[in-house]
file structure-v1.cif (mmCIF, C-alpha atoms and all ligand atoms)
data_start
loop_
_atom_site.label_atom_id
_atom_site.label_comp_id
_atom_site.auth_asym_id
_atom_site.auth_seq_id
_atom_site.Cartn_x
_atom_site.Cartn_y
_atom_site.Cartn_z
CA MET A 28 -28.36 89.03 -69.44
CA ILE A 29 -31.25 89.62 -71.87
CA ASN A 30 -30.55 88.18 -75.33
CA VAL A 31 -31.88 90.60 -77.92
CA ALA A 32 -32.28 90.01 -81.67
CA VAL A 33 -32.76 92.98 -83.98
CA ASN A 34 -34.81 91.92 -86.99
CA GLY A 35 -34.18 94.62 -89.62
CA TYR A 36 -30.85 96.42 -89.41
CA GLY A 37 -31.71 99.77 -91.02
CA THR A 38 -32.13 103.33 -89.75
CA ILE A 39 -33.82 102.29 -86.51
CA GLY A 40 -32.42 98.76 -86.16
CA LYS A 41 -28.75 99.78 -86.28
CA ARG A 42 -29.34 102.40 -83.59
CA VAL A 43 -31.30 99.98 -81.41
CA ALA A 44 -28.51 97.40 -81.74
CA ASP A 45 -25.85 99.88 -80.56
CA ALA A 46 -28.08 101.09 -77.72
CA VAL A 47 -28.74 97.50 -76.58
CA ALA A 48 -25.04 96.62 -76.82
CA ALA A 49 -24.25 99.57 -74.52
CA GLN A 50 -26.58 98.29 -71.74
CA PRO A 51 -25.04 96.33 -68.86
CA ASP A 52 -27.96 93.86 -68.77
CA MET A 53 -28.44 93.15 -72.49
CA LYS A 54 -26.62 91.47 -75.36
CA VAL A 55 -27.16 91.65 -79.14
CA ILE A 56 -27.30 88.03 -80.29
CA GLY A 57 -27.89 88.92 -83.94
CA VAL A 58 -29.14 91.41 -86.51
CA SER A 59 -30.80 90.78 -89.86
CA LYS A 60 -30.70 92.06 -93.42
CA THR A 61 -32.23 91.01 -96.72
CA SER A 62 -29.50 92.33 -99.02
CA VAL A 63 -25.78 93.10 -99.15
CA SER A 64 -25.34 96.80 -98.39
CA ALA A 65 -23.20 99.21 -96.37
CA GLU A 66 -25.13 98.47 -93.17
CA ALA A 67 -24.19 94.78 -93.38
CA TYR A 68 -20.52 95.82 -93.26
CA VAL A 69 -21.23 98.04 -90.26
CA ALA A 70 -22.79 95.03 -88.50
CA ARG A 71 -19.64 93.06 -89.22
CA GLU A 72 -17.45 95.86 -87.86
CA ARG A 73 -19.56 96.00 -84.70
CA GLY A 74 -19.26 92.22 -84.27
CA TYR A 75 -23.00 91.54 -84.48
CA PRO A 76 -23.78 88.08 -85.90
CA LEU A 77 -25.52 88.64 -89.25
CA TYR A 78 -28.65 86.68 -90.16
CA ILE A 79 -30.54 86.92 -93.43
CA ALA A 80 -34.23 86.71 -94.28
CA ASP A 81 -33.70 84.50 -97.34
CA ILE A 82 -31.03 81.85 -96.75
CA SER A 83 -30.73 81.19 -100.52
CA LYS A 84 -28.82 84.51 -100.65
CA LYS A 85 -26.10 83.20 -98.30
CA ALA A 86 -23.60 82.73 -101.14
CA ALA A 87 -24.04 86.36 -102.30
CA PHE A 88 -23.32 87.62 -98.77
CA GLU A 89 -20.29 85.35 -98.37
CA LYS A 90 -18.95 86.38 -101.79
CA ALA A 91 -19.09 89.96 -100.48
CA GLY A 92 -17.01 88.94 -97.46
CA LEU A 93 -19.95 88.85 -95.04
CA GLU A 94 -20.24 85.81 -92.83
CA VAL A 95 -23.84 84.62 -92.41
CA ALA A 96 -24.79 83.07 -89.08
CA GLY A 97 -28.07 81.64 -90.36
CA ASP A 98 -31.59 82.64 -91.32
CA VAL A 99 -33.95 84.90 -89.39
CA GLU A 100 -35.79 81.94 -87.87
CA ALA A 101 -32.52 80.65 -86.38
CA MET A 102 -31.86 84.10 -84.91
CA ILE A 103 -35.32 84.31 -83.37
CA GLN A 104 -34.91 80.93 -81.70
CA LYS A 105 -31.73 82.15 -79.94
CA ALA A 106 -33.36 85.34 -78.60
CA ASP A 107 -35.29 86.14 -75.43
CA ILE A 108 -36.87 89.10 -77.21
CA VAL A 109 -36.89 90.44 -80.76
CA VAL A 110 -36.89 94.12 -81.71
CA ASP A 111 -38.61 94.13 -85.11
CA ALA A 112 -37.30 97.14 -87.02
CA THR A 113 -38.26 95.97 -90.50
CA PRO A 114 -40.06 98.42 -92.83
CA GLY A 115 -43.65 99.33 -91.92
CA GLY A 116 -46.05 96.44 -92.62
CA VAL A 117 -43.35 93.71 -92.55
CA GLY A 118 -43.58 93.47 -88.77
CA GLU A 119 -47.22 92.41 -89.04
CA LYS A 120 -46.15 89.59 -91.39
CA ASN A 121 -43.42 88.57 -88.91
CA ARG A 122 -45.75 88.28 -85.93
CA PRO A 123 -46.76 84.62 -86.65
CA LEU A 124 -43.05 83.75 -86.57
CA TYR A 125 -42.68 85.19 -83.06
CA GLU A 126 -45.84 83.36 -81.99
CA ARG A 127 -44.55 80.08 -83.41
CA TYR A 128 -41.43 80.25 -81.24
CA ASN A 129 -43.29 81.86 -78.31
CA LYS A 130 -40.95 84.88 -78.31
CA LYS A 131 -41.56 88.39 -77.10
CA ALA A 132 -41.39 91.06 -79.80
CA ILE A 133 -41.36 94.84 -80.03
CA PHE A 134 -42.77 96.44 -83.19
CA GLN A 135 -42.14 99.99 -84.42
CA GLY A 136 -44.39 102.90 -85.27
CA GLY A 137 -44.78 101.84 -88.91
CA GLU A 138 -47.04 99.01 -87.67
CA LYS A 139 -50.63 99.53 -86.64
CA HIS A 140 -51.43 99.55 -82.92
CA GLU A 141 -53.43 96.32 -83.40
CA VAL A 142 -50.33 94.35 -84.48
CA ALA A 143 -49.13 94.41 -80.88
CA GLY A 144 -52.36 95.45 -79.14
CA PHE A 145 -50.31 97.67 -76.82
CA SER A 146 -48.41 100.90 -77.58
CA PHE A 147 -45.50 102.00 -75.40
CA ASN A 148 -43.82 105.10 -74.03
CA ALA A 149 -41.45 104.76 -71.08
CA HIS A 150 -42.62 107.78 -69.06
CA ALA A 151 -46.32 107.22 -69.79
CA ASN A 152 -47.03 103.49 -69.44
CA TYR A 153 -43.88 101.47 -68.63
CA ARG A 154 -45.60 99.40 -65.92
CA ASP A 155 -48.38 98.31 -68.32
CA ALA A 156 -45.74 96.64 -70.53
CA ILE A 157 -44.44 94.37 -67.77
CA GLY A 158 -44.70 90.75 -68.86
CA LYS A 159 -46.36 91.50 -72.23
CA GLN A 160 -45.49 89.31 -75.22
CA PHE A 161 -45.98 92.09 -77.79
CA ALA A 162 -45.64 95.86 -77.70
CA ARG A 163 -45.26 98.65 -80.23
CA VAL A 164 -42.96 101.60 -79.62
CA VAL A 165 -44.94 104.47 -81.12
CA SER A 166 -43.52 106.49 -84.03
CA CYS A 167 -40.98 109.30 -83.74
CA ASN A 168 -43.64 112.05 -83.96
CA THR A 169 -45.94 110.29 -81.52
CA THR A 170 -43.09 109.65 -79.06
CA GLY A 171 -42.21 113.36 -79.15
CA LEU A 172 -45.83 114.40 -78.60
CA VAL A 173 -46.48 111.84 -75.85
CA ARG A 174 -43.42 112.91 -73.85
CA VAL A 175 -44.42 116.56 -73.69
CA ILE A 176 -48.18 115.98 -73.30
CA HIS A 177 -47.73 113.38 -70.56
CA ALA A 178 -45.35 115.65 -68.61
CA MET A 179 -47.75 118.60 -68.86
CA ASP A 180 -50.78 116.44 -68.00
CA GLN A 181 -49.09 115.08 -64.87
CA ALA A 182 -48.10 118.57 -63.72
CA PHE A 183 -51.03 120.79 -64.68
CA GLY A 184 -53.71 118.61 -66.31
CA VAL A 185 -54.28 118.85 -70.06
CA GLU A 186 -57.73 119.90 -71.30
CA LYS A 187 -56.88 119.64 -75.02
CA VAL A 188 -53.95 119.66 -77.44
CA ARG A 189 -53.67 121.15 -80.92
CA ALA A 190 -50.41 120.51 -82.78
CA VAL A 191 -48.95 121.11 -86.24
CA MET A 192 -46.17 118.83 -87.41
CA VAL A 193 -43.69 119.97 -90.06
CA ARG A 194 -42.18 116.63 -91.01
CA ARG A 195 -38.89 115.79 -92.71
CA GLY A 196 -39.36 114.48 -96.25
CA ALA A 197 -36.94 111.54 -95.99
CA ASP A 198 -34.16 110.12 -93.84
CA PRO A 199 -30.66 111.35 -94.83
CA ASP A 200 -29.74 108.13 -96.70
CA ASP A 201 -33.07 107.81 -98.48
CA VAL A 202 -32.29 108.95 -102.02
CA LYS A 203 -35.62 107.86 -103.48
CA ARG A 204 -38.05 110.01 -101.50
CA GLY A 205 -38.98 113.66 -101.65
CA PRO A 206 -40.21 116.32 -101.92
CA ILE A 207 -37.24 118.24 -103.36
CA ASP A 208 -38.98 121.60 -103.77
CA ALA A 209 -42.46 121.57 -102.26
CA ILE A 210 -44.43 121.74 -99.05
CA VAL A 211 -46.79 118.78 -99.20
CA LEU A 212 -49.90 118.58 -97.05
CA ASN A 213 -49.54 115.10 -95.59
CA PRO A 214 -52.39 114.45 -95.22
CA PRO A 215 -54.44 117.35 -96.65
CA THR A 216 -57.31 116.25 -94.40
CA ILE A 217 -57.55 117.24 -90.74
CA PRO A 218 -56.89 115.59 -88.33
CA SER A 219 -53.76 113.68 -89.29
CA HIS A 220 -53.27 110.17 -87.87
CA HIS A 221 -50.84 111.43 -85.19
CA GLY A 222 -53.56 112.51 -82.74
CA PRO A 223 -55.26 109.08 -82.66
CA ASP A 224 -51.79 107.54 -82.40
CA VAL A 225 -51.09 109.61 -79.26
CA GLN A 226 -54.38 108.27 -77.88
CA THR A 227 -53.09 104.68 -78.16
CA VAL A 228 -50.81 105.63 -75.23
CA LEU A 229 -52.80 108.49 -73.64
CA PRO A 230 -56.46 107.63 -74.40
CA GLN A 231 -57.81 110.42 -72.17
CA ILE A 232 -56.20 113.24 -74.19
CA ASP A 233 -58.33 115.43 -76.51
CA ILE A 234 -55.94 116.06 -79.39
CA VAL A 235 -56.14 117.27 -83.01
CA THR A 236 -53.04 117.23 -85.23
CA LEU A 237 -52.20 118.66 -88.68
CA ALA A 238 -49.17 117.58 -90.71
CA MET A 239 -47.13 118.53 -93.76
CA ILE A 240 -43.80 117.37 -95.17
CA VAL A 241 -40.94 119.62 -96.29
CA PRO A 242 -37.63 119.11 -98.15
CA VAL A 243 -35.37 118.37 -95.18
CA THR A 244 -33.89 115.10 -93.94
CA PHE A 245 -33.04 115.95 -90.36
CA MET A 246 -35.80 116.31 -87.74
CA HIS A 247 -39.45 117.17 -87.56
CA MET A 248 -40.56 120.49 -86.10
CA HIS A 249 -43.73 120.58 -83.98
CA ALA A 250 -45.79 123.66 -83.07
CA VAL A 251 -47.71 122.56 -79.98
CA GLN A 252 -50.57 124.29 -78.17
CA MET A 253 -52.31 122.96 -75.06
CA ASP A 254 -55.20 124.20 -72.95
CA LEU A 255 -54.37 123.32 -69.34
CA LYS A 256 -56.70 122.46 -66.47
CA ARG A 257 -54.98 124.88 -64.13
CA GLU A 258 -53.09 128.13 -64.59
CA THR A 259 -49.32 128.00 -64.47
CA THR A 260 -46.31 130.14 -65.33
CA ARG A 261 -43.57 129.94 -67.93
CA GLU A 262 -41.03 129.42 -65.11
CA GLU A 263 -42.94 126.41 -63.77
CA VAL A 264 -43.08 124.82 -67.21
CA LEU A 265 -39.37 125.43 -67.84
CA LYS A 266 -38.57 123.82 -64.48
CA LEU A 267 -40.72 120.81 -65.41
CA PHE A 268 -38.83 120.38 -68.68
CA GLU A 269 -35.42 120.92 -67.02
CA ASN A 270 -36.18 118.02 -64.68
CA HIS A 271 -37.44 115.67 -67.41
CA SER A 272 -34.80 113.18 -68.52
CA ARG A 273 -35.99 113.05 -72.14
CA ILE A 274 -37.00 116.64 -72.73
CA GLY A 275 -34.09 118.92 -73.57
CA LEU A 276 -34.17 122.69 -73.74
CA VAL A 277 -32.62 124.43 -76.72
CA ARG A 278 -31.41 127.44 -74.79
CA LYS A 279 -31.77 131.00 -76.09
CA VAL A 280 -28.07 131.66 -75.37
CA THR A 281 -27.00 129.02 -77.92
CA GLY A 282 -28.56 131.11 -80.69
CA ILE A 283 -30.05 127.93 -82.19
CA LYS A 284 -33.24 128.63 -84.13
CA SER A 285 -33.35 125.79 -86.65
CA ASN A 286 -33.00 122.07 -87.16
CA ALA A 287 -29.73 122.71 -89.05
CA GLN A 288 -28.06 124.49 -86.12
CA LEU A 289 -29.37 121.86 -83.72
CA ARG A 290 -27.85 119.14 -85.85
CA GLU A 291 -24.49 120.93 -85.82
CA TYR A 292 -24.79 121.19 -82.03
CA THR A 293 -25.45 117.46 -81.48
CA GLN A 294 -22.58 116.70 -83.85
CA ASP A 295 -20.22 119.00 -81.96
CA LEU A 296 -21.36 117.45 -78.67
CA GLY A 297 -20.06 114.15 -80.06
CA ARG A 298 -23.42 112.40 -80.07
CA PRO A 299 -23.22 109.11 -82.02
CA ARG A 300 -24.67 109.63 -85.52
CA THR A 301 -25.58 113.20 -84.32
CA ASP A 302 -28.54 111.63 -82.51
CA LEU A 303 -30.87 113.81 -80.47
CA TRP A 304 -32.60 111.17 -78.36
CA GLU A 305 -34.61 113.69 -76.34
CA ASN A 306 -37.22 116.24 -77.45
CA GLY A 307 -35.57 119.55 -78.32
CA VAL A 308 -37.94 122.17 -76.90
CA PHE A 309 -36.94 125.71 -77.89
CA GLU A 310 -36.67 127.68 -74.64
CA GLU A 311 -37.66 130.97 -76.27
CA SER A 312 -40.87 129.45 -77.64
CA VAL A 313 -42.15 128.24 -74.27
CA SER A 314 -45.09 130.56 -73.60
CA VAL A 315 -47.87 130.46 -71.04
CA MET A 316 -50.92 132.71 -71.17
CA GLY A 317 -53.15 131.81 -68.25
CA ARG A 318 -54.20 128.25 -69.02
CA GLU A 319 -52.79 128.28 -72.58
CA PHE A 320 -49.38 126.77 -73.31
CA TYR A 321 -47.33 127.01 -76.53
CA CYS A 322 -43.97 125.70 -77.73
CA PHE A 323 -41.91 124.60 -80.70
CA GLN A 324 -40.04 121.31 -80.41
CA ALA A 325 -37.58 119.54 -82.69
CA ILE A 326 -37.90 115.76 -82.93
CA HIS A 327 -35.04 113.76 -84.39
CA GLN A 328 -36.93 111.07 -86.30
CA GLU A 329 -34.09 108.55 -86.33
CA ALA A 330 -33.24 108.84 -82.65
CA ASP A 331 -36.05 109.59 -80.17
CA VAL A 332 -37.54 106.08 -80.26
CA ILE A 333 -34.20 104.38 -79.49
CA PRO A 334 -34.12 104.73 -75.67
CA GLU A 335 -37.84 103.85 -75.66
CA ASN A 336 -37.05 100.50 -77.32
CA VAL A 337 -34.44 99.76 -74.65
CA ASP A 338 -36.87 100.52 -71.81
CA CYS A 339 -39.57 98.50 -73.52
CA ILE A 340 -37.25 95.46 -73.54
CA ARG A 341 -36.72 95.72 -69.76
CA ALA A 342 -40.40 96.24 -69.07
CA MET A 343 -41.53 93.28 -71.19
CA MET A 344 -38.86 91.03 -69.70
CA GLY A 345 -39.91 92.19 -66.22
CA THR A 346 -36.31 92.50 -65.05
CA VAL A 347 -36.77 96.10 -63.88
CA THR A 348 -40.22 97.09 -62.66
CA ASP A 349 -39.54 100.72 -61.74
CA PRO A 350 -39.76 102.93 -64.86
CA GLU A 351 -37.44 105.59 -63.43
CA GLU A 352 -34.76 102.97 -62.72
CA SER A 353 -34.90 101.63 -66.27
CA ILE A 354 -34.88 105.13 -67.78
CA ARG A 355 -31.82 106.00 -65.66
CA MET A 356 -30.02 102.79 -66.69
CA THR A 357 -30.78 103.35 -70.38
CA ASP A 358 -29.76 106.99 -70.36
CA ARG A 359 -26.56 106.38 -68.39
CA ALA A 360 -25.45 103.64 -70.79
CA LEU A 361 -26.23 105.80 -73.83
CA GLY A 362 -24.63 108.91 -72.34
CA LEU A 363 -27.97 110.69 -72.64
CA VAL A 364 -27.88 113.86 -70.62
CA ALA A 365 -30.66 116.05 -71.96
CA ILE A 366 -29.41 119.25 -73.60
CA GLY A 367 -30.04 122.56 -71.83
N1 LIG B 1 -36.72 106.12 -90.02
C1 LIG B 1 -37.49 106.78 -89.19
O1 LIG B 1 -37.47 108.00 -89.17
C2 LIG B 1 -38.36 106.05 -88.23
C3 LIG B 1 -38.69 106.66 -87.02
C4 LIG B 1 -39.48 105.98 -86.09
C5 LIG B 1 -39.98 104.74 -86.40
N2 LIG B 1 -39.69 104.18 -87.62
C6 LIG B 1 -40.25 102.85 -87.91
O2 LIG B 1 -39.23 101.88 -87.72
C7 LIG B 1 -39.43 100.78 -88.63
C8 LIG B 1 -38.16 100.61 -89.45
O3 LIG B 1 -37.95 101.80 -90.21
P1 LIG B 1 -36.51 102.18 -90.78
O4 LIG B 1 -36.61 103.59 -91.20
O5 LIG B 1 -35.46 101.76 -89.84
O6 LIG B 1 -36.46 101.25 -92.08
P2 LIG B 1 -35.19 100.95 -93.00
O7 LIG B 1 -34.14 101.98 -92.80
O8 LIG B 1 -35.73 100.71 -94.36
O9 LIG B 1 -34.62 99.58 -92.41
C9 LIG B 1 -35.33 98.39 -92.50
C10 LIG B 1 -34.38 97.21 -92.38
O10 LIG B 1 -35.14 96.01 -92.40
C11 LIG B 1 -34.51 95.08 -93.29
N3 LIG B 1 -35.56 94.21 -93.81
C12 LIG B 1 -36.45 94.44 -94.79
N4 LIG B 1 -37.29 93.41 -94.93
C13 LIG B 1 -36.92 92.48 -94.02
C14 LIG B 1 -37.37 91.20 -93.68
N5 LIG B 1 -38.41 90.64 -94.29
N6 LIG B 1 -36.72 90.52 -92.68
C15 LIG B 1 -35.67 91.07 -92.05
N7 LIG B 1 -35.19 92.30 -92.34
C16 LIG B 1 -35.81 92.99 -93.31
C17 LIG B 1 -33.84 95.92 -94.32
O11 LIG B 1 -32.75 95.20 -94.86
P3 LIG B 1 -32.32 95.40 -96.38
O12 LIG B 1 -31.93 96.82 -96.55
O13 LIG B 1 -31.20 94.47 -96.52
O14 LIG B 1 -33.53 95.02 -97.20
C18 LIG B 1 -33.35 97.09 -93.48
O15 LIG B 1 -32.12 96.76 -92.87
C19 LIG B 1 -40.69 101.13 -89.44
O16 LIG B 1 -41.82 100.60 -88.77
C20 LIG B 1 -40.73 102.65 -89.35
O17 LIG B 1 -42.03 103.18 -89.55
C21 LIG B 1 -38.87 104.79 -88.51
#

call {"tool": "encode", "arguments": {"input": "structure-v1.cif", "output": "structure tokens"}}
result
Amino acid sequence: MINVAVNGYGTIGKRVADAVAAQPDMKVIGVSKTSVSAEAYVARERGYPLYIADISKKAAFEKAGLEVAGDVEAMIQKADIVVDATPGGVGEKNRPLYERYNKKAIFQGGEKHEVAGFSFNAHANYRDAIGKQFARVVSCNTTGLVRVIHAMDQAFGVEKVRAVMVRRGADPDDVKRGPIDAIVLNPPTIPSHHGPDVQTVLPQIDIVTLAMIVPVTFMHMHAVQMDLKRETTREEVLKLFENHSRIGLVRKVTGIKSNAQLREYTQDLGRPRTDLWENGVFEESVSVMGREFYCFQAIHQEADVIPENVDCIRAMMGTVTDPEESIRMTDRALGLVAIG
């Protein structure tokens, strides 16, 4: 059994904790918070021992009816591996703590590649993570891009990628961020940071990305174009995606043409928290013109990195060395059967 601590029980951390708890070979030994909030009560309901960053706040937690198991350092000492899901930049500050106790740690996409020195995606570089002390699961947008680029590169060879990302303005619970009524170029300069981030996993890929943010909270939408090394057909590409465990096809027959309808669909399918863990590639958009490929894909920002964190744990611990086996185990435990 792999003992996993989740440092930072927020949007990503609470999902990672539930995904870890569902695995037959892993156990959540604790989760951490800095303040009393709704998520701390969810942790209590789930039965996850609650640790806090600042132990002087213990009385405030206990007054709120929340039992505190100890401070974050105590939690780290009990763990075989820590998933650091604290806000971007905090993970870098936590790294010395993991070094002090000689613990393995996984950082998230809000940290720079250099914080871990290795960036992870299960389909692309699982074996390279085996035995590593530190890894970073790349961001939601980068995970979505890497999945589809890696699959296409393996099958047909990718000459270059050009992609536009229409990004959600905030997560659903984030009442402080916007925009409310604007399309914001983010950044206004080209390329955006997403292309170089893809290259931390797939260094050989020629990629340029452009990004903007819009007033929605659920999912990013990517318009992706690739020049391929060999000609293919739309049917071949659809078959490739049908057989990929973390690429789903949003079928034409469903009538879904938006993030809103896709959200309703995942909700009706009974997905926990409406999570779409896989890429949602719109079947109708999949187009091939000789060596040119185009598609639209929806990326659920809160969800796509979750199975990647689980696989990263197994790879770093070295308990499963075959990527496909780990991916199968993770997906089975989550109930992830790609849509389409
Ligand atoms: N949200 C997304 O769409 C998304 C997608 C992919 C990757 N990521 C990345 O995942 C990471 C986490 O993002 P998030 O959206 O999950 O953030 P979040 O919702 O703000 O959650 C962060 C959690 O960390 C806790 N925390 C803050 N400082 C801490 C500290 N010093 N020690 C321990 N816990 C601490 C917070 O607790 P309190 O609330 O009690 O302070 C909160 O529970 C970031 O690197 C982000 O870039 C986010």

call {"tool": "closest_residue", "arguments": {"input": "structure-v1.cif", "among": "A:Val185, A:Ile217, A:Val55, A:Val164", "to": "ligand LIG 1 (chain B)", "atoms": "only C-alpha atoms and all ligand atoms"}}
result
A:Val164

call {"tool": "closest_atom_pairs", "arguments": {"input": "structure-v1.cif", "of": "chain A", "to": "ligand LIG 1 (chain B)", "cutoff": "7 Å", "atoms": "all atoms listed in the file", "output": "tab-separated table"}}
result
residue	atom	partner	partner_atom	distance
A:Asn34	CA	B:LIG1	C15	5.2
A:Gly35	CA	B:LIG1	O10	3.3
A:Tyr36	CA	B:LIG1	O15	3.7
A:Gly37	CA	B:LIG1	O9	3.2
A:Thr38	CA	B:LIG1	O5	3.7
A:Ile39	CA	B:LIG1	O5	3.7
A:Gly40	CA	B:LIG1	O5	5.6
A:Ser59	CA	B:LIG1	N7	5.3
A:Lys60	CA	B:LIG1	O13	4.0
A:Thr61	CA	B:LIG1	O13	3.6
A:Ser62	CA	B:LIG1	O13	3.7
A:Val63	CA	B:LIG1	O13	6.2
A:Ser64	CA	B:LIG1	O13	6.6
A:Ile79	CA	B:LIG1	C15	6.7
A:Ala80	CA	B:LIG1	N6	4.8
A:Val99	CA	B:LIG1	C15	6.9
A:Ala112	CA	B:LIG1	C8	4.3
A:Thr113	CA	B:LIG1	O10	3.7
A:Pro114	CA	B:LIG1	C19	4.4
A:Gly115	CA	B:LIG1	O16	3.9
A:Val117	CA	B:LIG1	N5	6.1
A:Gln135	CA	B:LIG1	O16	4.4
A:Gly136	CA	B:LIG1	O17	4.9
A:Gly137	CA	B:LIG1	O17	3.1
A:Glu138	CA	B:LIG1	O16	5.6
A:Ser166	CA	B:LIG1	C4	4.6
A:Cys167	CA	B:LIG1	C4	4.3
A:Asp198	CA	B:LIG1	N1	6.1
A:Gln328	CA	B:LIG1	O1	4.2
A:Glu329	CA	B:LIG1	O1	4.4
A:Val332	CA	B:LIG1	C4	6.1

call {"tool": "residues_around", "arguments": {"input": "structure-v1.cif", "residues": "Ala70 (chain A)", "least_positions_apart": "2", "cutoff": "10 Å", "atoms": "all atoms listed in the file", "output": "PyMOL selection string"}}
result
chain A and resi 36+41+44-45+57-60+65-68+72-77+93

call {"tool": "residues_around", "arguments": {"input": "structure-v1.cif", "residues": "region 100-106 of chain A", "least_positions_apart": "3", "cutoff": "7 Å", "atoms": "only C-alpha atoms", "output": "list in words"}}
result
Asn30, Val31, Ala32, Ile56, Gly57, Tyr78, Gly97, Val109 and Tyr128 of chain A

call {"tool": "atom_distance", "arguments": {"input": "structure-v1.cif", "atom1": "CA of Arg298 (chain A)", "atom2": "CA of Ala365 (chain A)"}}
result
11.5 Å

call {"tool": "atom_distance", "arguments": {"input": "structure-v1.cif", "atom1": "CA of Lys54 (chain A)", "atom2": "CA of Lys120 (chain A)"}}
result
25.3 Å

call {"tool": "closest_residue", "arguments": {"input": "structure-v1.cif", "among": "A:Ile283, A:Val315, A:Ala342, A:Leu267", "to": "Arg154 (chain A)", "atoms": "only C-alpha atoms"}}
result
A:Ala342

call {"tool": "closest_residue", "arguments": {"input": "structure-v1.cif", "among": "A:Phe245, A:Phe323, A:Phe134, A:Tyr125", "to": "Asn336 (chain A)", "atoms": "only C-alpha atoms"}}
result
A:Phe134

call {"tool": "closest_residue", "arguments": {"input": "structure-v1.cif", "among": "A:His327, A:Arg318, A:Arg42, A:Arg261", "to": "Gly171 (chain A)", "atoms": "all atoms listed in the file"}}
result
A:His327

call {"tool": "axis_aligned_box", "arguments": {"input": "structure-v1.cif", "around": "region 209-225 of chain A", "padding_each_side": "8 Å", "output": "JSON"}}
result
{"center_x": -50.0, "center_y": 114.6, "center_z": -90.8, "size_x": 31.1, "size_y": 30.2, "size_z": 39.0}
